[in-house]
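Just work_15.tsv here, TSV, C-alpha atoms and all ligand atoms:
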```
chain	number	residue	atom	x	y	z
A	1	MET	CA	1.75	-9.14	32.53
A	2	LYS	CA	2.20	-5.73	34.15
A	3	ALA	CA	-0.67	-3.40	33.39
A	4	CYS	CA	-0.10	-1.12	30.44
A	5	LYS	CA	0.49	2.41	31.77
A	6	GLN	CA	-1.92	3.75	29.16
A	7	GLY	CA	-4.65	1.30	30.22
A	8	ALA	CA	-4.67	-0.06	26.68
A	9	ILE	CA	-4.62	-3.68	27.86
A	10	SER	CA	-7.15	-4.91	30.39
A	11	PRO	CA	-8.10	-8.44	31.50
A	12	ASP	CA	-11.75	-7.56	30.77
A	13	ASN	CA	-10.80	-7.29	27.11
A	14	LYS	CA	-9.16	-10.77	27.06
A	15	GLY	CA	-5.77	-9.08	26.99
A	16	LEU	CA	-6.41	-7.53	23.58
A	17	VAL	CA	-4.94	-4.10	22.89
A	18	ASN	CA	-7.30	-1.13	22.75
A	19	ARG	CA	-5.78	0.73	19.81
A	20	ASP	CA	-7.51	3.98	20.74
A	21	LEU	CA	-5.45	4.12	23.94
A	22	CYS	CA	-2.22	2.51	22.70
A	23	ILE	CA	0.65	4.92	22.02
A	24	GLY	CA	2.87	2.27	20.47
A	25	CYS	CA	5.60	2.45	23.12
A	26	GLY	CA	6.23	-1.32	22.87
A	27	GLU	CA	6.64	-1.83	26.64
A	28	CYS	CA	4.03	-4.61	26.67
A	29	ALA	CA	6.16	-6.70	24.32
A	30	ASN	CA	8.98	-6.62	26.90
A	31	VAL	CA	6.81	-8.04	29.67
A	32	CYS	CA	4.34	-10.29	27.85
A	33	PRO	CA	4.64	-13.66	29.65
A	34	THR	CA	3.55	-15.80	26.68
A	35	GLY	CA	5.51	-13.99	24.00
A	36	ALA	CA	2.23	-13.32	22.15
A	37	LEU	CA	3.05	-9.62	21.88
A	38	VAL	CA	6.12	-9.05	19.75
A	39	LEU	CA	7.64	-5.75	18.71
A	40	LYS	CA	8.33	-5.94	14.99
A	41	GLY	CA	10.54	-3.68	12.95
A	42	THR	CA	13.84	-1.94	13.55
A	43	LYS	CA	14.63	1.76	13.53
A	44	MET	CA	17.27	2.36	10.87
A	45	THR	CA	18.90	5.32	9.19
A	46	VAL	CA	18.94	5.65	5.41
A	47	GLN	CA	22.65	4.74	5.45
A	48	GLN	CA	21.93	1.57	7.43
A	49	VAL	CA	19.19	0.56	4.99
A	50	VAL	CA	21.52	1.14	2.04
A	51	MET	CA	24.26	-0.96	3.69
A	52	GLU	CA	21.73	-3.76	4.11
A	53	LEU	CA	20.54	-3.45	0.49
A	54	ARG	CA	24.10	-3.45	-0.81
A	55	LYS	CA	24.39	-7.09	0.24
A	56	ASP	CA	22.13	-7.87	-2.75
A	57	ALA	CA	23.65	-5.29	-5.10
A	58	THR	CA	25.31	-7.93	-7.29
A	59	SER	CA	22.00	-9.62	-8.01
A	60	TYR	CA	20.40	-6.20	-8.77
A	61	ARG	CA	23.06	-5.60	-11.41
A	62	ARG	CA	22.76	-9.08	-12.92
A	63	SER	CA	18.96	-9.07	-13.06
A	64	SER	CA	18.46	-5.35	-13.78
A	65	GLY	CA	16.51	-5.40	-10.52
A	66	GLY	CA	16.28	-2.81	-7.82
A	67	ILE	CA	14.28	-1.74	-4.81
A	68	THR	CA	10.55	-1.29	-4.25
A	69	ILE	CA	9.47	0.95	-1.39
A	70	SER	CA	6.08	0.01	-0.07
A	71	GLY	CA	4.15	0.53	3.14
A	72	GLY	CA	1.69	1.45	4.54
A	73	GLU	CA	2.15	4.50	2.41
A	74	PRO	CA	5.78	5.49	1.74
A	75	LEU	CA	4.78	9.09	1.03
A	76	VAL	CA	3.68	9.52	4.67
A	77	GLN	CA	7.35	9.38	5.72
A	78	TYR	CA	8.36	11.15	2.56
A	79	ASP	CA	11.61	12.63	3.93
A	80	PHE	CA	12.97	9.17	4.60
A	81	THR	CA	11.57	7.81	1.32
A	82	LEU	CA	13.15	10.64	-0.64
A	83	GLU	CA	16.58	10.19	0.94
A	84	LEU	CA	16.43	6.43	0.39
A	85	LEU	CA	15.46	6.89	-3.25
A	86	LYS	CA	18.30	9.36	-3.79
A	87	ALA	CA	20.75	6.95	-2.19
A	88	ALA	CA	19.46	4.10	-4.38
A	89	LYS	CA	19.89	6.18	-7.52
A	90	GLU	CA	23.46	7.02	-6.46
A	91	GLN	CA	24.06	3.26	-6.34
A	92	GLY	CA	22.58	2.94	-9.84
A	93	TRP	CA	19.63	0.83	-8.70
A	94	HIS	CA	16.19	0.77	-10.34
A	95	THR	CA	13.62	2.27	-7.97
A	96	ALA	CA	9.92	1.52	-7.61
A	97	ILE	CA	7.30	2.75	-5.17
A	98	GLU	CA	3.90	1.37	-4.17
A	99	THR	CA	1.67	4.33	-3.43
A	100	THR	CA	-1.87	5.60	-3.22
A	101	ALA	CA	-0.53	9.08	-4.10
A	102	TYR	CA	-2.65	10.45	-1.26
A	103	ALA	CA	-0.14	13.19	-0.53
A	104	ASP	CA	0.48	16.88	-0.95
A	105	GLY	CA	1.23	17.75	-4.58
A	106	LYS	CA	4.58	19.23	-3.49
A	107	VAL	CA	5.58	15.84	-2.06
A	108	ILE	CA	4.77	14.19	-5.39
A	109	GLU	CA	6.92	16.76	-7.20
A	110	LYS	CA	9.85	16.18	-4.84
A	111	VAL	CA	9.82	12.39	-4.59
A	112	LEU	CA	8.65	11.04	-7.94
A	113	PRO	CA	11.63	12.27	-10.02
A	114	TYR	CA	13.71	9.64	-8.16
A	115	VAL	CA	11.24	6.84	-8.95
A	116	ASP	CA	11.62	4.71	-12.09
A	117	LEU	CA	8.29	2.92	-11.69
A	118	ALA	CA	5.20	3.99	-9.73
A	119	LEU	CA	2.74	1.25	-8.82
A	120	MET	CA	-0.26	3.43	-8.08
A	121	ASP	CA	-3.49	2.29	-6.44
A	122	ILE	CA	-6.78	3.64	-7.71
A	123	LYS	CA	-9.67	2.15	-5.78
A	124	SER	CA	-12.75	3.91	-7.08
A	125	MET	CA	-13.78	6.76	-9.35
A	126	ASN	CA	-16.87	7.28	-7.21
A	127	PRO	CA	-16.06	9.91	-4.53
A	128	GLU	CA	-18.71	8.66	-2.07
A	129	VAL	CA	-17.65	5.02	-2.39
A	130	HIS	CA	-14.00	6.02	-2.02
A	131	LYS	CA	-14.70	8.08	1.07
A	132	LYS	CA	-16.83	5.36	2.63
A	133	PHE	CA	-14.26	2.59	2.25
A	134	THR	CA	-10.97	4.45	2.66
A	135	GLY	CA	-12.02	7.35	4.87
A	136	VAL	CA	-10.75	9.95	2.38
A	137	SER	CA	-11.92	11.57	-0.84
A	138	ASN	CA	-10.38	10.41	-4.12
A	139	GLU	CA	-10.01	14.00	-5.36
A	140	ILE	CA	-6.34	14.46	-4.38
A	141	ILE	CA	-5.48	10.96	-5.58
A	142	LEU	CA	-6.95	11.51	-9.04
A	143	GLN	CA	-5.25	14.90	-9.35
A	144	ASN	CA	-1.92	13.42	-8.31
A	145	ALA	CA	-2.33	10.47	-10.69
A	146	VAL	CA	-1.99	12.90	-13.59
A	147	ARG	CA	1.28	14.30	-12.25
A	148	VAL	CA	2.68	10.90	-11.24
A	149	SER	CA	2.11	9.53	-14.74
A	150	GLU	CA	3.74	12.61	-16.28
A	151	ILE	CA	6.84	12.29	-14.10
A	152	THR	CA	7.51	8.55	-14.27
A	153	GLN	CA	6.46	5.22	-15.76
A	154	THR	CA	3.24	4.27	-13.99
A	155	VAL	CA	1.21	1.11	-13.56
A	156	ILE	CA	-2.33	1.45	-12.19
A	157	ARG	CA	-3.32	-1.12	-9.59
A	158	VAL	CA	-6.91	-1.77	-8.55
A	159	PRO	CA	-7.57	-3.78	-5.39
A	160	THR	CA	-10.94	-5.26	-6.40
A	161	ILE	CA	-13.39	-5.80	-3.56
A	162	PRO	CA	-16.83	-7.34	-4.15
A	163	GLY	CA	-19.60	-4.95	-3.16
A	164	VAL	CA	-17.21	-1.98	-3.35
A	165	ASN	CA	-15.52	-1.71	-6.75
A	166	ALA	CA	-15.62	-5.10	-8.46
A	167	GLU	CA	-18.43	-4.54	-10.95
A	168	GLU	CA	-17.63	-4.14	-14.63
A	169	GLU	CA	-18.76	-0.49	-14.57
A	170	ASP	CA	-16.33	0.24	-11.70
A	171	ILE	CA	-13.40	-1.17	-13.62
A	172	LEU	CA	-14.54	0.49	-16.85
A	173	ALA	CA	-14.59	3.90	-15.11
A	174	ILE	CA	-11.06	3.39	-13.76
A	175	SER	CA	-9.81	2.16	-17.17
A	176	ARG	CA	-11.31	5.19	-18.90
A	177	PHE	CA	-9.64	7.47	-16.37
A	178	ALA	CA	-6.32	5.68	-16.95
A	179	LYS	CA	-6.66	6.52	-20.64
A	180	THR	CA	-6.58	10.21	-19.74
A	181	LEU	CA	-3.25	9.78	-17.92
A	182	HIS	CA	0.19	9.88	-19.49
A	183	ASN	CA	1.35	6.72	-21.23
A	184	ILE	CA	-0.29	4.07	-19.03
A	185	LYS	CA	0.14	0.65	-20.61
A	186	THR	CA	-0.73	-1.78	-17.83
A	187	ILE	CA	-3.44	-2.15	-15.20
A	188	HIS	CA	-3.13	-4.71	-12.42
A	189	LEU	CA	-6.30	-6.14	-10.88
A	190	LEU	CA	-5.62	-7.30	-7.33
A	191	PRO	CA	-8.44	-9.65	-6.30
A	192	TYR	CA	-9.59	-9.27	-2.70
A	193	HIS	CA	-8.43	-12.01	-0.33
A	194	THR	CA	-8.90	-12.71	3.36
A	195	TYR	CA	-5.26	-13.42	4.29
A	196	GLY	CA	-5.14	-10.43	6.63
A	197	GLU	CA	-8.15	-11.43	8.74
A	198	ASN	CA	-6.24	-13.16	11.55
A	199	LYS	CA	-3.86	-10.20	11.81
A	200	TYR	CA	-6.79	-7.94	12.68
A	201	GLU	CA	-7.76	-10.35	15.44
A	202	LEU	CA	-4.20	-10.42	16.79
A	203	LEU	CA	-4.15	-6.60	16.76
A	204	GLY	CA	-7.47	-6.40	18.58
A	205	ARG	CA	-9.12	-4.66	15.66
A	206	ASP	CA	-12.51	-5.34	14.10
A	207	TYR	CA	-12.26	-6.94	10.69
A	208	LEU	CA	-14.91	-4.99	8.78
A	209	MET	CA	-14.72	-7.16	5.62
A	210	LYS	CA	-15.92	-10.39	7.29
A	211	ASP	CA	-18.92	-10.80	4.99
A	212	VAL	CA	-17.08	-9.98	1.76
A	213	MET	CA	-16.74	-12.95	-0.60
A	214	THR	CA	-13.70	-13.46	-2.80
A	215	LEU	CA	-14.13	-13.00	-6.57
A	216	THR	CA	-14.77	-16.07	-8.71
A	217	PRO	CA	-12.29	-16.81	-11.54
A	218	GLU	CA	-15.10	-16.07	-14.04
A	219	LYS	CA	-15.72	-12.66	-12.50
A	220	ILE	CA	-12.02	-11.81	-12.47
A	221	GLN	CA	-11.79	-12.82	-16.13
A	222	ALA	CA	-14.78	-10.58	-16.98
A	223	LEU	CA	-13.06	-7.62	-15.30
A	224	LYS	CA	-9.83	-8.40	-17.15
A	225	THR	CA	-11.75	-8.35	-20.42
A	226	VAL	CA	-13.09	-4.87	-19.56
A	227	VAL	CA	-9.54	-3.57	-18.97
A	228	GLU	CA	-8.21	-5.14	-22.16
A	229	GLY	CA	-11.19	-3.74	-24.07
A	230	GLN	CA	-9.86	-0.27	-23.22
A	231	GLY	CA	-6.52	-1.12	-24.80
A	232	PHE	CA	-4.46	-1.96	-21.70
A	233	GLU	CA	-2.45	-5.00	-20.80
A	234	CYS	CA	-4.16	-6.49	-17.73
A	235	ILE	CA	-2.33	-8.51	-15.11
A	236	ILE	CA	-4.21	-10.32	-12.36
A	237	GLY	CA	-2.30	-9.90	-9.12
A	238	GLY	CA	1.13	-8.33	-9.36
A	301	LIG	S1	2.50	-0.53	23.10
A	301	LIG	FE1	1.73	-1.90	24.72
A	301	LIG	S2	2.39	-0.93	26.65
A	301	LIG	FE2	2.62	0.63	25.04
A	301	LIG	S3	0.65	1.77	25.11
A	301	LIG	FE3	0.40	0.14	23.57
A	301	LIG	S4	-0.50	-1.57	24.70
A	301	LIG	FE4	0.32	-0.16	26.24
```
Now, as a test, write the supplied structure out as structure tokens.
Amino acid sequence: MKACKQGAISPDNKGLVNRDLCIGCGECANVCPTGALVLKGTKMTVQQVVMELRKDATSYRRSSGGITISGGEPLVQYDFTLELLKAAKEQGWHTAIETTAYADGKVIEKVLPYVDLALMDIKSMNPEVHKKFTGVSNEIILQNAVRVSEITQTVIRVPTIPGVNAEEEDILAISRFAKTLHNIKTIHLLPYHTYGENKYELLGRDYLMKDVMTLTPEKIQALKTVVEGQGFECIIGG
């Protein structure tokens, strides 16, 4: 393979991509002799996305279904997300968004009125734990959670990770916070799994969760009981 102009791929690194140097130009995918590097995704306009979605419009109408915008974080590209949501509403489709709500409050105010259902992650009520494992404070997220729940129907989702936020007191704190929000009925517990591990390897990234065990069914049940004890419906997964 031709050398990457950025020096992001070197034989000394077994051909793995150094993400600190990679600018995401995709040139390596064009010249990779084994086909191991593949450029995924297609650049599309909002209109092109809507045309694609319209192919399933009949089933949306029959099933009262709609679209869910997920990510990454859809509020990072909020201009595109907003235009897509508006277009979906013009088509009469139900709209959902998967979000951490880590965004400027003005973005929340602009985008959420076009969302019928917000599936909102809350990972930890502990600011230090949140910062350590996500790289950012939970302050903005918790502030935005209030506004999100006021604007639209909201489900709280908790990715539960042993050693981070999977003790009963962690889930109790999140459930108590959810009680302070507007009209939350359901909390989803998303048990940690290791399905993404090989992707990190393929991307040349360190998988920092190598030593984390998955939750036992008994432990998951105990966490579910905590959520239900606070008056919420609890769904495992979702
Ligand atoms: S996408 Fe490929 S060619 Fe482009 S900078 Fe990254 S590693 Fe180099």
Close residues to ligand LIG 301 (chain A) using all atoms listed in the file, limit 8 Å, as a PyMOL selection string: chain A and resi 3-9+17-19+21-29
Selected residues written out, C-alpha atoms, as a PDB file, keeping the file's coordinate frame:
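The result, written out as again-v3.pdb:
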```pdb
ATOM      1  CA  ALA A   3      -0.670  -3.400  33.390  1.00  0.00           C
ATOM      2  CA  CYS A   4      -0.100  -1.120  30.440  1.00  0.00           C
ATOM      3  CA  LYS A   5       0.490   2.410  31.770  1.00  0.00           C
ATOM      4  CA  GLN A   6      -1.920   3.750  29.160  1.00  0.00           C
ATOM      5  CA  GLY A   7      -4.650   1.300  30.220  1.00  0.00           C
ATOM      6  CA  ALA A   8      -4.670  -0.060  26.680  1.00  0.00           C
ATOM      7  CA  ILE A   9      -4.620  -3.680  27.860  1.00  0.00           C
ATOM      8  CA  VAL A  17      -4.940  -4.100  22.890  1.00  0.00           C
ATOM      9  CA  ASN A  18      -7.300  -1.130  22.750  1.00  0.00           C
ATOM     10  CA  ARG A  19      -5.780   0.730  19.810  1.00  0.00           C
ATOM     11  CA  LEU A  21      -5.450   4.120  23.940  1.00  0.00           C
ATOM     12  CA  CYS A  22      -2.220   2.510  22.700  1.00  0.00           C
ATOM     13  CA  ILE A  23       0.650   4.920  22.020  1.00  0.00           C
ATOM     14  CA  GLY A  24       2.870   2.270  20.470  1.00  0.00           C
ATOM     15  CA  CYS A  25       5.600   2.450  23.120  1.00  0.00           C
ATOM     16  CA  GLY A  26       6.230  -1.320  22.870  1.00  0.00           C
ATOM     17  CA  GLU A  27       6.640  -1.830  26.640  1.00  0.00           C
ATOM     18  CA  CYS A  28       4.030  -4.610  26.670  1.00  0.00           C
ATOM     19  CA  ALA A  29       6.160  -6.700  24.320  1.00  0.00           C
TER      20      ALA A  29
END
```
Considering only C-alpha atoms, return as a ChimeraX atom specification whatever protein or nucleic-acid residues lie within 9 Å of A:Leu82, sequence-local ones (same chain, fewer than 4 positions apart) excluded. /A:75,77-78,86-87,110-112,114
Atom CA of A:His94 and atom CA of A:Ala57, how far apart in Å?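 Between atom CA of A:Ala57 and atom CA of A:His94 the gap works out to 10.9 Å.
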Find the distance between atom CA of A:Val129 and atom CA of A:Glu150 and write it in Å to one decimal. 26.6 Å
Distance query A:Glu109 at most 12 Å, only C-alpha atoms, self and fewer than 3 positions along chain excluded, as a VMD selection string: chain A and resid 75 78 82 101 103 to 106 112 to 115 144 to 152
Using all atoms listed in the file, pick whichever of A:Ala118, A:Leu84, A:Leu37, A:Val50 has the shortest atom-to-atom distance to A:Thr100. A:Ala118
Between A:Ser59, A:Thr186, A:Ser175, A:Ser10, single out the one closest to A:Val226, counting all atoms listed in the file.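 For A:Val226, the nearest of the candidates is A:Ser175.
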Just how far from atom CA of A:Leu172 is atom CA of A:Lys131, in Å to one decimal?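 Taking atom CA of A:Lys131 and atom CA of A:Leu172, their separation equals 19.5 Å.
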I'd like the neighbourhood of A:Ile97 as a ChimeraX atom specification, where a residue qualifies if any of its atoms comes within 6 Å (using only C-alpha atoms), though same-chain residues fewer than 5 positions away should be ignored. /A:68-70,118
